[in-house]
>>> print(open('target.txt').read())   # compact mmCIF, C-alpha atoms
# COMPACT_ATOMS: atom_id res chain seq x y z
CA MET A 1 -20.69 137.26 -45.31
CA THR A 2 -18.25 137.90 -48.14
CA THR A 3 -17.34 141.41 -49.19
CA VAL A 4 -16.54 142.21 -52.81
CA GLU A 5 -14.30 145.25 -53.13
CA THR A 6 -15.97 147.53 -55.65
CA SER A 7 -15.93 151.29 -55.72
CA ALA A 8 -19.11 153.25 -56.31
CA PRO A 9 -19.45 156.12 -58.79
CA THR A 10 -19.64 159.58 -57.27
CA GLY A 11 -23.03 160.24 -55.70
CA GLN A 12 -24.00 156.58 -55.47
CA GLU A 13 -24.11 154.22 -52.55
CA PRO A 14 -21.17 151.81 -52.28
CA PRO A 15 -22.18 148.30 -53.36
CA PRO A 16 -23.52 146.15 -50.53
CA PRO A 17 -21.55 143.10 -49.42
CA VAL A 18 -22.25 139.77 -51.06
CA ARG A 19 -24.34 137.50 -48.86
CA ASP A 20 -24.25 133.72 -49.17
CA TRP A 21 -27.80 132.35 -49.36
CA PRO A 22 -27.57 128.62 -48.62
CA ALA A 23 -31.28 127.92 -49.17
CA PRO A 24 -31.98 126.34 -45.78
CA ASP A 25 -34.61 123.61 -45.53
CA LEU A 26 -37.46 125.22 -43.61
CA ASP A 27 -40.46 123.55 -42.05
CA GLY A 28 -43.86 125.17 -41.83
CA THR A 29 -44.69 128.48 -43.45
CA GLU A 30 -41.81 130.34 -41.81
CA PHE A 31 -40.49 133.22 -43.87
CA ASP A 32 -36.88 132.60 -44.92
CA PRO A 33 -34.73 134.33 -42.25
CA VAL A 34 -31.94 135.01 -44.77
CA LEU A 35 -34.38 136.81 -47.05
CA ALA A 36 -35.75 138.75 -44.07
CA ASP A 37 -32.21 139.91 -43.25
CA LEU A 38 -31.61 140.93 -46.86
CA MET A 39 -34.82 142.98 -46.86
CA ARG A 40 -33.67 144.80 -43.73
CA GLU A 41 -30.24 145.52 -45.23
CA GLY A 42 -31.70 147.48 -48.12
CA PRO A 43 -33.95 147.42 -51.17
CA LEU A 44 -31.06 146.23 -53.36
CA THR A 45 -28.51 143.75 -52.02
CA ARG A 46 -26.11 141.18 -53.48
CA ILE A 47 -26.36 137.41 -53.10
CA ARG A 48 -24.52 134.21 -53.89
CA LEU A 49 -26.58 131.01 -54.23
CA PRO A 50 -25.29 127.42 -53.86
CA PHE A 51 -24.58 126.77 -57.57
CA GLY A 52 -23.39 128.66 -60.62
CA GLU A 53 -20.77 131.40 -60.61
CA GLY A 54 -20.29 134.84 -59.10
CA TRP A 55 -22.93 136.94 -57.41
CA ALA A 56 -26.16 138.69 -58.42
CA TRP A 57 -28.15 141.71 -57.38
CA LEU A 58 -31.38 141.04 -55.48
CA ALA A 59 -34.33 143.45 -55.52
CA THR A 60 -36.79 143.08 -52.64
CA ARG A 61 -38.88 146.28 -52.68
CA TYR A 62 -42.28 146.00 -54.37
CA ASP A 63 -41.82 148.92 -56.78
CA ASP A 64 -38.33 147.80 -57.81
CA VAL A 65 -39.48 144.21 -58.32
CA LYS A 66 -42.31 145.38 -60.60
CA LEU A 67 -39.98 147.70 -62.51
CA ILE A 68 -37.28 145.09 -63.16
CA SER A 69 -39.74 142.34 -64.09
CA ASN A 70 -41.41 144.56 -66.70
CA ASP A 71 -38.40 146.47 -68.08
CA PRO A 72 -36.84 145.41 -71.42
CA ARG A 73 -33.47 146.66 -70.15
CA PHE A 74 -33.31 143.38 -68.20
CA SER A 75 -33.04 140.22 -70.30
CA ARG A 76 -33.90 136.63 -69.47
CA THR A 77 -32.41 135.31 -72.71
CA GLU A 78 -28.95 136.62 -71.82
CA VAL A 79 -28.92 134.38 -68.74
CA THR A 80 -28.86 131.28 -70.96
CA ARG A 81 -25.38 132.25 -72.13
CA ARG A 82 -23.97 132.55 -68.61
CA GLN A 83 -23.36 130.50 -65.47
CA VAL A 84 -25.22 132.84 -63.12
CA THR A 85 -25.32 132.04 -59.41
CA ARG A 86 -28.45 129.93 -58.86
CA LEU A 87 -30.33 127.56 -56.56
CA ALA A 88 -30.51 124.48 -58.80
CA PRO A 89 -27.48 122.36 -59.69
CA ASN A 90 -28.70 121.69 -63.22
CA PHE A 91 -28.85 124.52 -65.75
CA ALA A 92 -29.79 123.64 -69.32
CA PRO A 93 -32.37 126.11 -70.66
CA ARG A 94 -34.11 124.85 -73.77
CA PRO A 95 -34.88 126.97 -76.82
CA GLY A 96 -38.55 127.85 -76.81
CA SER A 97 -38.97 128.06 -73.06
CA LEU A 98 -41.20 131.01 -72.22
CA ALA A 99 -39.26 131.45 -69.00
CA TRP A 100 -36.13 132.49 -70.89
CA ALA A 101 -37.70 134.36 -73.81
CA ASP A 102 -37.56 138.11 -74.30
CA GLN A 103 -39.94 140.10 -76.50
CA PRO A 104 -40.95 139.72 -79.28
CA ASP A 105 -40.14 136.00 -79.10
CA HIS A 106 -42.07 135.68 -75.84
CA ASN A 107 -45.39 136.66 -77.43
CA ARG A 108 -44.70 134.52 -80.51
CA LEU A 109 -44.08 131.45 -78.36
CA ARG A 110 -46.99 132.08 -76.03
CA LYS A 111 -49.54 132.49 -78.81
CA PRO A 112 -49.99 128.80 -79.81
CA VAL A 113 -51.06 127.77 -76.29
CA ALA A 114 -52.70 130.99 -75.07
CA ASP A 115 -56.25 129.75 -75.72
CA ALA A 116 -55.72 126.80 -73.36
CA PHE A 117 -55.24 129.07 -70.33
CA THR A 118 -57.83 131.82 -70.76
CA VAL A 119 -60.62 132.56 -68.29
CA ARG A 120 -63.09 131.19 -70.85
CA ALA A 121 -61.13 127.94 -71.15
CA MET A 122 -61.05 127.59 -67.38
CA LYS A 123 -64.84 128.03 -67.19
CA ARG A 124 -65.17 125.14 -69.63
CA LEU A 125 -62.71 123.09 -67.61
CA ARG A 126 -64.32 123.74 -64.23
CA PRO A 127 -67.05 121.03 -64.34
CA ARG A 128 -64.54 118.38 -65.41
CA ALA A 129 -62.04 119.47 -62.75
CA GLN A 130 -64.77 119.39 -60.10
CA ALA A 131 -65.76 115.87 -61.19
CA ILE A 132 -62.16 114.68 -60.86
CA LEU A 133 -61.92 116.20 -57.40
CA ASP A 134 -65.29 114.85 -56.29
CA GLU A 135 -64.18 111.32 -57.14
CA LEU A 136 -60.98 111.69 -55.12
CA VAL A 137 -62.75 113.17 -52.10
CA ALA A 138 -65.48 110.53 -52.29
CA GLY A 139 -62.76 107.92 -51.88
CA VAL A 140 -61.42 109.73 -48.83
CA VAL A 141 -64.90 109.94 -47.30
CA ARG A 142 -65.59 106.29 -48.05
CA ASP A 143 -62.37 105.10 -46.40
CA GLY A 144 -62.90 107.38 -43.41
CA PRO A 145 -60.42 109.25 -41.23
CA PRO A 146 -57.55 109.67 -40.84
CA ALA A 147 -56.18 110.48 -44.29
CA ASP A 148 -53.11 112.12 -45.77
CA LEU A 149 -54.47 114.92 -47.92
CA VAL A 150 -51.25 115.22 -49.89
CA ASP A 151 -51.27 111.57 -50.93
CA ARG A 152 -55.01 111.25 -51.44
CA VAL A 153 -55.96 114.62 -52.97
CA LEU A 154 -53.32 117.35 -53.24
CA GLU A 155 -50.99 115.35 -55.51
CA PRO A 156 -53.40 113.38 -57.69
CA PHE A 157 -55.83 116.23 -58.37
CA PRO A 158 -53.43 118.75 -59.95
CA ILE A 159 -51.59 115.96 -61.75
CA THR A 160 -54.81 114.75 -63.34
CA VAL A 161 -56.10 118.22 -64.23
CA VAL A 162 -52.83 119.44 -65.71
CA SER A 163 -52.42 116.14 -67.55
CA GLU A 164 -55.85 116.56 -69.15
CA VAL A 165 -55.14 120.18 -70.11
CA MET A 166 -51.77 119.21 -71.55
CA GLY A 167 -53.02 115.97 -73.13
CA VAL A 168 -51.00 113.37 -71.19
CA PRO A 169 -52.45 109.86 -71.66
CA PRO A 170 -53.51 108.22 -68.37
CA ALA A 171 -50.93 105.45 -68.77
CA ASP A 172 -48.09 108.00 -68.86
CA ARG A 173 -49.14 110.30 -66.02
CA GLU A 174 -47.29 108.65 -63.16
CA GLN A 175 -44.04 108.60 -65.11
CA VAL A 176 -44.44 112.24 -66.14
CA HIS A 177 -45.10 113.17 -62.50
CA THR A 178 -41.96 111.30 -61.41
CA TRP A 179 -39.93 113.33 -63.89
CA THR A 180 -41.43 116.71 -62.95
CA ARG A 181 -40.99 116.06 -59.22
CA GLU A 182 -37.32 115.22 -59.77
CA ILE A 183 -36.74 118.30 -61.91
CA ILE A 184 -37.83 120.67 -59.11
CA SER A 185 -35.57 118.87 -56.63
CA THR A 186 -32.25 120.43 -55.65
CA THR A 187 -30.61 117.17 -54.57
CA GLY A 188 -28.29 116.59 -57.51
CA ALA A 189 -27.52 117.45 -61.11
CA GLU A 190 -27.36 113.88 -62.41
CA ALA A 191 -30.89 112.93 -61.33
CA ALA A 192 -32.31 116.22 -62.64
CA ASP A 193 -30.48 115.71 -65.96
CA GLN A 194 -31.92 112.23 -66.32
CA ALA A 195 -35.43 113.48 -65.50
CA LYS A 196 -35.18 116.30 -68.03
CA THR A 197 -33.89 113.91 -70.69
CA GLY A 198 -36.81 111.58 -70.03
CA LEU A 199 -39.48 114.28 -69.91
CA TYR A 200 -38.32 116.25 -72.94
CA GLY A 201 -37.79 113.09 -74.99
CA TRP A 202 -41.34 112.03 -74.16
CA ILE A 203 -42.70 115.50 -75.04
CA THR A 204 -40.88 115.43 -78.39
CA SER A 205 -42.55 112.17 -79.37
CA VAL A 206 -46.00 113.40 -78.31
CA VAL A 207 -45.70 116.71 -80.19
CA ARG A 208 -44.63 114.85 -83.34
CA ALA A 209 -47.51 112.41 -83.03
CA ARG A 210 -50.10 115.21 -82.79
CA ALA A 211 -49.12 117.28 -85.80
CA HIS A 212 -52.54 116.70 -87.37
CA SER A 213 -54.65 116.26 -84.24
CA ALA A 214 -57.85 118.28 -84.00
CA ASP A 215 -57.96 118.00 -80.21
CA GLU A 216 -57.70 121.07 -77.96
CA ASP A 217 -55.11 119.82 -75.48
CA VAL A 218 -51.81 121.72 -75.30
CA TYR A 219 -49.71 119.04 -76.98
CA SER A 220 -52.11 118.96 -79.93
CA MET A 221 -51.99 122.76 -80.16
CA LEU A 222 -48.19 122.59 -80.19
CA GLY A 223 -48.18 119.78 -82.75
CA ARG A 224 -50.33 121.87 -85.11
CA ALA A 225 -48.22 124.98 -84.49
CA VAL A 226 -45.06 123.07 -85.46
CA ALA A 227 -46.74 121.56 -88.53
CA GLY A 228 -47.92 125.03 -89.54
CA GLY A 229 -44.48 126.60 -89.18
CA GLU A 230 -45.46 128.95 -86.33
CA ILE A 231 -42.77 127.56 -84.01
CA SER A 232 -40.03 124.97 -84.33
CA GLU A 233 -40.25 121.53 -82.78
CA GLU A 234 -37.41 122.47 -80.43
CA GLU A 235 -39.36 125.54 -79.32
CA ALA A 236 -42.54 123.51 -78.81
CA VAL A 237 -40.73 121.08 -76.53
CA GLY A 238 -39.09 123.90 -74.57
CA LEU A 239 -42.46 125.61 -74.23
CA ALA A 240 -44.29 122.53 -72.98
CA GLY A 241 -41.83 121.44 -70.30
CA PRO A 242 -42.36 124.27 -67.79
CA LEU A 243 -46.14 124.13 -68.33
CA GLN A 244 -46.10 120.44 -67.45
CA ILE A 245 -43.92 121.06 -64.39
CA GLY A 246 -46.25 123.84 -63.20
CA GLY A 247 -48.72 121.34 -61.77
CA GLU A 248 -46.30 120.67 -58.92
CA ALA A 249 -46.78 124.20 -57.59
CA VAL A 250 -50.51 123.74 -56.94
CA THR A 251 -49.85 120.70 -54.74
CA HIS A 252 -47.32 122.51 -52.58
CA ASN A 253 -48.96 125.93 -52.44
CA CYS A 254 -52.39 124.57 -51.61
CA GLY A 255 -50.77 122.32 -49.01
CA GLN A 256 -49.35 125.41 -47.31
CA MET A 257 -52.72 127.15 -47.41
CA LEU A 258 -54.53 124.20 -45.87
CA TYR A 259 -51.83 123.88 -43.20
CA LEU A 260 -52.43 127.52 -42.25
CA LEU A 261 -56.19 126.99 -42.11
CA LEU A 262 -55.70 123.87 -39.97
CA THR A 263 -53.35 125.58 -37.53
CA ARG A 264 -55.09 128.96 -37.23
CA PRO A 265 -58.63 128.45 -35.91
CA GLU A 266 -59.68 132.03 -36.61
CA LEU A 267 -58.90 131.58 -40.30
CA MET A 268 -60.78 128.30 -40.51
CA GLU A 269 -63.76 129.81 -38.72
CA ARG A 270 -63.78 132.71 -41.17
CA MET A 271 -63.74 130.38 -44.17
CA LEU A 272 -66.55 128.21 -42.78
CA ALA A 273 -68.72 131.12 -41.64
CA ARG A 274 -68.48 133.04 -44.93
CA PRO A 275 -68.13 130.53 -47.77
CA ASP A 276 -69.23 133.16 -50.30
CA ALA A 277 -66.28 135.40 -49.33
CA ARG A 278 -63.40 132.93 -49.49
CA GLY A 279 -61.78 134.59 -52.50
CA PRO A 280 -60.15 137.48 -50.59
CA VAL A 281 -58.84 135.06 -47.97
CA LEU A 282 -57.22 132.94 -50.67
CA ASP A 283 -55.69 136.08 -52.16
CA GLU A 284 -54.20 136.94 -48.79
CA LEU A 285 -52.83 133.42 -48.45
CA PHE A 286 -51.32 133.63 -51.94
CA ARG A 287 -49.58 136.81 -50.76
CA TYR A 288 -48.44 135.32 -47.48
CA ILE A 289 -47.21 131.79 -48.18
CA PRO A 290 -43.54 131.23 -49.12
CA HIS A 291 -44.13 129.75 -52.56
CA ARG A 292 -40.56 128.78 -53.20
CA SER A 293 -37.04 128.46 -51.86
CA THR A 294 -34.84 131.56 -52.38
CA VAL A 295 -35.57 133.09 -55.81
CA GLY A 296 -36.63 132.04 -59.30
CA LEU A 297 -34.89 132.97 -62.54
CA ALA A 298 -32.37 135.75 -63.04
CA ARG A 299 -32.18 138.54 -65.59
CA ILE A 300 -29.16 140.30 -67.07
CA ALA A 301 -28.93 144.10 -67.35
CA ARG A 302 -28.57 145.07 -71.01
CA GLU A 303 -27.27 148.53 -70.05
CA ASP A 304 -26.36 150.46 -66.93
CA VAL A 305 -29.46 151.02 -64.78
CA GLU A 306 -29.70 152.91 -61.52
CA ILE A 307 -32.08 151.47 -58.92
CA ALA A 308 -32.37 152.37 -55.25
CA GLY A 309 -29.20 154.50 -55.42
CA HIS A 310 -27.06 151.70 -56.88
CA ARG A 311 -25.75 151.35 -60.40
CA ILE A 312 -26.47 147.96 -61.91
CA ALA A 313 -23.86 147.71 -64.65
CA ALA A 314 -24.54 146.25 -68.07
CA GLY A 315 -23.95 142.52 -67.96
CA GLU A 316 -24.64 142.09 -64.25
CA PRO A 317 -27.26 139.51 -63.16
CA VAL A 318 -30.33 140.57 -61.20
CA TYR A 319 -32.92 138.59 -59.25
CA VAL A 320 -36.26 139.83 -57.97
CA SER A 321 -38.00 138.33 -54.95
CA TYR A 322 -41.76 138.19 -55.29
CA LEU A 323 -41.90 136.80 -51.74
CA ALA A 324 -40.18 139.92 -50.44
CA ALA A 325 -42.32 142.21 -52.59
CA ASN A 326 -45.40 140.63 -51.04
CA ARG A 327 -44.07 141.62 -47.60
CA ASP A 328 -43.18 145.22 -48.48
CA PRO A 329 -44.64 147.28 -45.60
CA ASP A 330 -45.07 150.32 -47.84
CA VAL A 331 -47.59 148.35 -49.91
CA PHE A 332 -48.91 145.81 -47.38
CA PRO A 333 -49.25 147.32 -43.88
CA ASP A 334 -48.35 144.85 -41.14
CA PRO A 335 -47.15 142.44 -43.85
CA ASP A 336 -46.29 139.52 -41.56
CA ARG A 337 -49.90 139.24 -40.41
CA ILE A 338 -52.53 137.29 -42.35
CA ASP A 339 -55.31 139.84 -42.87
CA PRO A 340 -58.30 138.27 -44.68
CA ASP A 341 -59.81 141.75 -45.10
CA ARG A 342 -56.72 143.28 -46.70
CA GLU A 343 -57.84 145.76 -49.33
CA PRO A 344 -56.32 146.46 -51.74
CA ASN A 345 -54.16 143.36 -52.12
CA PRO A 346 -52.02 143.80 -55.25
CA HIS A 347 -49.83 140.76 -54.55
CA VAL A 348 -47.39 139.46 -57.11
CA ALA A 349 -47.61 135.78 -56.17
CA PHE A 350 -47.97 134.86 -59.85
CA GLY A 351 -45.23 137.18 -61.04
CA ASN A 352 -45.40 140.37 -63.06
CA GLY A 353 -44.86 141.65 -66.56
CA PRO A 354 -44.40 139.44 -69.64
CA HIS A 355 -43.43 136.49 -67.44
CA PHE A 356 -46.61 136.56 -65.38
CA CYS A 357 -47.45 132.90 -64.81
CA THR A 358 -49.09 131.38 -67.91
CA GLY A 359 -51.04 128.94 -65.75
CA ALA A 360 -52.17 131.47 -63.13
CA VAL A 361 -55.88 131.16 -63.96
CA LEU A 362 -55.61 127.36 -63.91
CA ALA A 363 -53.75 127.41 -60.58
CA ARG A 364 -56.34 129.72 -59.06
CA LEU A 365 -59.18 127.50 -60.31
CA GLN A 366 -57.63 124.36 -58.81
CA THR A 367 -56.91 126.08 -55.49
CA GLU A 368 -60.47 127.37 -55.16
CA LEU A 369 -61.92 123.95 -55.96
CA LEU A 370 -59.59 122.17 -53.54
CA VAL A 371 -60.26 124.46 -50.60
CA ASP A 372 -64.01 124.69 -51.16
CA THR A 373 -64.51 120.97 -51.69
CA LEU A 374 -62.38 119.83 -48.76
CA LEU A 375 -63.96 122.30 -46.32
CA ASP A 376 -67.48 121.50 -47.50
CA ARG A 377 -67.14 117.70 -47.74
CA LEU A 378 -65.04 117.03 -44.63
CA PRO A 379 -66.88 118.64 -41.68
CA GLY A 380 -64.76 119.44 -38.66
CA LEU A 381 -61.59 119.08 -40.71
CA ARG A 382 -58.52 119.21 -38.47
CA LEU A 383 -54.98 117.90 -38.23
CA ALA A 384 -54.68 114.30 -37.09
CA VAL A 385 -51.23 114.95 -35.58
CA PRO A 386 -49.67 117.87 -33.69
CA ALA A 387 -48.65 120.63 -36.10
CA GLU A 388 -44.95 120.04 -35.41
CA GLN A 389 -45.28 116.46 -36.66
CA VAL A 390 -46.33 117.50 -40.17
CA ARG A 391 -43.42 116.62 -42.45
CA TRP A 392 -42.18 119.17 -44.98
CA ARG A 393 -40.42 118.82 -48.30
CA HIS A 394 -36.68 119.46 -48.27
CA LYS A 395 -34.18 119.95 -51.10
CA THR A 396 -36.79 121.35 -53.44
CA MET A 397 -37.39 124.64 -55.23
CA ILE A 398 -41.07 124.75 -54.26
CA ARG A 399 -41.92 124.64 -50.57
CA GLY A 400 -44.82 122.66 -49.15
CA PRO A 401 -45.87 119.88 -46.77
CA ARG A 402 -44.77 116.37 -47.63
CA THR A 403 -47.69 114.95 -45.67
CA LEU A 404 -50.85 116.51 -44.28
CA PRO A 405 -52.56 113.97 -41.98
CA VAL A 406 -56.13 115.04 -41.17
CA THR A 407 -59.24 113.75 -39.52
CA TRP A 408 -62.86 114.98 -39.55
CA SER A 409 -66.31 114.31 -38.17
CA ARG A 410 -68.09 111.37 -39.77
>>> encode(input="target.txt", output="structure tokens")
Amino acid sequence: MTTVETSAPTGQEPPPPVRDWPAPDLDGTEFDPVLADLMREGPLTRIRLPFGEGWAWLATRYDDVKLISNDPRFSRTEVTRRQVTRLAPNFAPRPGSLAWADQPDHNRLRKPVADAFTVRAMKRLRPRAQAILDELVAGVVRDGPPADLVDRVLEPFPITVVSEVMGVPPADREQVHTWTREIISTTGAEAADQAKTGLYGWITSVVRARAHSADEDVYSMLGRAVAGGEISEEEAVGLAGPLQIGGEAVTHNCGQMLYLLLTRPELMERMLARPDARGPVLDELFRYIPHRSTVGLARIAREDVEIAGHRIAAGEPVYVSYLAANRDPDVFPDPDRIDPDREPNPHVAFGNGPHFCTGAVLARLQTELLVDTLLDRLPGLRLAVPAEQVRWRHKTMIRGPRTLPVTWSR
């Protein structure tokens, strides 16, 4: 632990020490022990991540997380002008990225693609997504057990669905997936830079080519928006990149959920016995699983703000932890227990405020289809290896199993 000598204004708590957060590679669905320690130390602590400069505040209490993530006094755009302490080695925000936009730019940028991610759009997409999944699972059934669900279903299904929503031609999908997988890696700046150069160059050419397309895929929507002067080409490219990368999260998050179902018989029995009531169980798993390593994107305080007895000074960086908020005992009693009957369950797994995940409805649709189809089509589904032999992804921003070997009753 490193202590930064800073005096506190009269009547305020002295600033907490700065804690190094090395982002350990964790196997299974274990909650990050460093984050657990930070939660115990107080609702507002200070952290230093492996890359970037300096330290940042970290909010872990549910109410504070919701306040900061929905308060215009905290800016995402300001972060792009700074080298804030961070998890990833590469830091090159692109103009147009929703992730870094403040209002009113955020709404302006989101508008051209909003129709692609509505509940109505997802209802239209559902039959096609189910058909894609059915074909993948049919191949698994035909080949028989054992099978690696990650390789056979959990990677190809979200890649295909997101590619169709975005408008990625089949011949380009494997290359696009290679780029997005490298971008979420934390192994090195050079490889991530090369992947970003490749992906964003490809996106630029596609957006230009679809300026007059009448199709309803995201790249066509962006092409028309650029041609119509709603957004710039640079903004369109920056907007599309994170949406394309978002497909990786479904693979990893659903992998964690299935791992929990396969290692906790009572959960599996509940899902099989009450197939019409799987939604609340999935909500509880969304709350419980550690979606990512450490934290996401920072914000900068535009002015002095007092939170949890501490003064966050103008210009200081702040992170929120949605993982910690989802384990706040004041909101979720017995938070470290998976409770399929938890009610209410106001989890913030998809974020909060203006930066609530654009693809949340799509992610939820894919997760529901994956879990339902695999449980219904593969009777007696179980791990084909001891749980401790399941391999997990390391050096990545999004946690999840690297393999998920299963068997079932034929």
>>> closest_residue(input="target.txt", among="A:Asp148, A:Arg311, A:Thr358, A:Asn253", to="A:Leu285", atoms="all atoms listed in the file")
A:Asn253
>>> closest_residue(input="target.txt", among="A:Arg264, A:His347, A:His252, A:Arg142", to="A:Ala324", atoms="all atoms listed in the file")
A:His347
>>> residues_near_point(input="target.txt", point="(-27.5, 133.1, -64.2)", cutoff="8 Å", atoms="all atoms listed in the file", output="JSON, numbers by chain")
{"A": [52, 53, 79, 80, 82, 83, 84, 85, 86, 297, 298, 299, 300, 317]}
>>> atom_distance(input="target.txt", atom1="atom CA of A:Ala240", atom2="atom CA of A:Asp25")
29.1 Å
>>> atom_distance(input="target.txt", atom1="atom CA of A:Leu199", atom2="atom CA of A:Ser69")
28.7 Å
>>> atom_distance(input="target.txt", atom1="atom CA of A:Arg46", atom2="atom CA of A:Pro17")
6.4 Å
>>> closest_atom_pairs(input="target.txt", of="stretch 265-383 of chain A", to="stretch 152-175 of chain A", cutoff="10 Å", atoms="only C-alpha atoms", output="tab-separated table")
residue	atom	partner	partner_atom	distance
A:Gly359	CA	A:Val162	CA	9.7
A:Leu362	CA	A:Val162	CA	8.6
A:Ala363	CA	A:Pro158	CA	8.7
A:Gln366	CA	A:Pro158	CA	7.1
A:Thr367	CA	A:Pro158	CA	9.3
A:Leu370	CA	A:Leu154	CA	7.9
A:Leu374	CA	A:Val153	CA	9.3
>>> closest_residue(input="target.txt", among="A:Pro242, A:Gly139, A:Pro15, A:Pro265", to="A:Glu41", atoms="all atoms listed in the file")
A:Pro15
>>> closest_residue(input="target.txt", among="A:Asp27, A:Ser75, A:Val371, A:Ala313", to="A:Pro275", atoms="only C-alpha atoms")
A:Val371
>>> closest_residue(input="target.txt", among="A:His310, A:Thr396, A:Ile203, A:Thr118", to="A:Ala360", atoms="all atoms listed in the file")
A:Thr118
>>> residues_around(input="target.txt", residues="A:Glu230", least_positions_apart="2", cutoff="9 Å", atoms="all atoms listed in the file", output="short mmCIF file (atom, residue, chain, number, x, y, z; two decimals) with C-alpha atoms, in the coordinates of the input")
data_model
loop_
_atom_site.label_atom_id
_atom_site.label_comp_id
_atom_site.auth_asym_id
_atom_site.auth_seq_id
_atom_site.Cartn_x
_atom_site.Cartn_y
_atom_site.Cartn_z
CA ARG A 108 -44.70 134.52 -80.51
CA LEU A 109 -44.08 131.45 -78.36
CA PRO A 112 -49.99 128.80 -79.81
CA ARG A 224 -50.33 121.87 -85.11
CA ALA A 225 -48.22 124.98 -84.49
CA VAL A 226 -45.06 123.07 -85.46
CA ALA A 227 -46.74 121.56 -88.53
CA GLY A 228 -47.92 125.03 -89.54
CA SER A 232 -40.03 124.97 -84.33
#
>>> closest_residue(input="target.txt", among="A:Pro14, A:Pro145, A:Gly309, A:Pro104", to="A:Pro379", atoms="all atoms listed in the file")
A:Pro145
>>> residues_around(input="target.txt", residues="A:Leu67", least_positions_apart="2", cutoff="12 Å", atoms="only C-alpha atoms", output="number ranges by chain")
A: 59-65, 69-74, 305-308, 319-320, 325, 351-354
>>> write_last_selection(input="target.txt", atoms="C-alpha atoms", output="CSV table (one decimal), in the frame of the given file")
chain,number,residue,atom,x,y,z
A,59,ALA,CA,-34.3,143.4,-55.5
A,60,THR,CA,-36.8,143.1,-52.6
A,61,ARG,CA,-38.9,146.3,-52.7
A,62,TYR,CA,-42.3,146.0,-54.4
A,63,ASP,CA,-41.8,148.9,-56.8
A,64,ASP,CA,-38.3,147.8,-57.8
A,65,VAL,CA,-39.5,144.2,-58.3
A,69,SER,CA,-39.7,142.3,-64.1
A,70,ASN,CA,-41.4,144.6,-66.7
A,71,ASP,CA,-38.4,146.5,-68.1
A,72,PRO,CA,-36.8,145.4,-71.4
A,73,ARG,CA,-33.5,146.7,-70.2
A,74,PHE,CA,-33.3,143.4,-68.2
A,305,VAL,CA,-29.5,151.0,-64.8
A,306,GLU,CA,-29.7,152.9,-61.5
A,307,ILE,CA,-32.1,151.5,-58.9
A,308,ALA,CA,-32.4,152.4,-55.2
A,319,TYR,CA,-32.9,138.6,-59.2
A,320,VAL,CA,-36.3,139.8,-58.0
A,325,ALA,CA,-42.3,142.2,-52.6
A,351,GLY,CA,-45.2,137.2,-61.0
A,352,ASN,CA,-45.4,140.4,-63.1
A,353,GLY,CA,-44.9,141.6,-66.6
A,354,PRO,CA,-44.4,139.4,-69.6
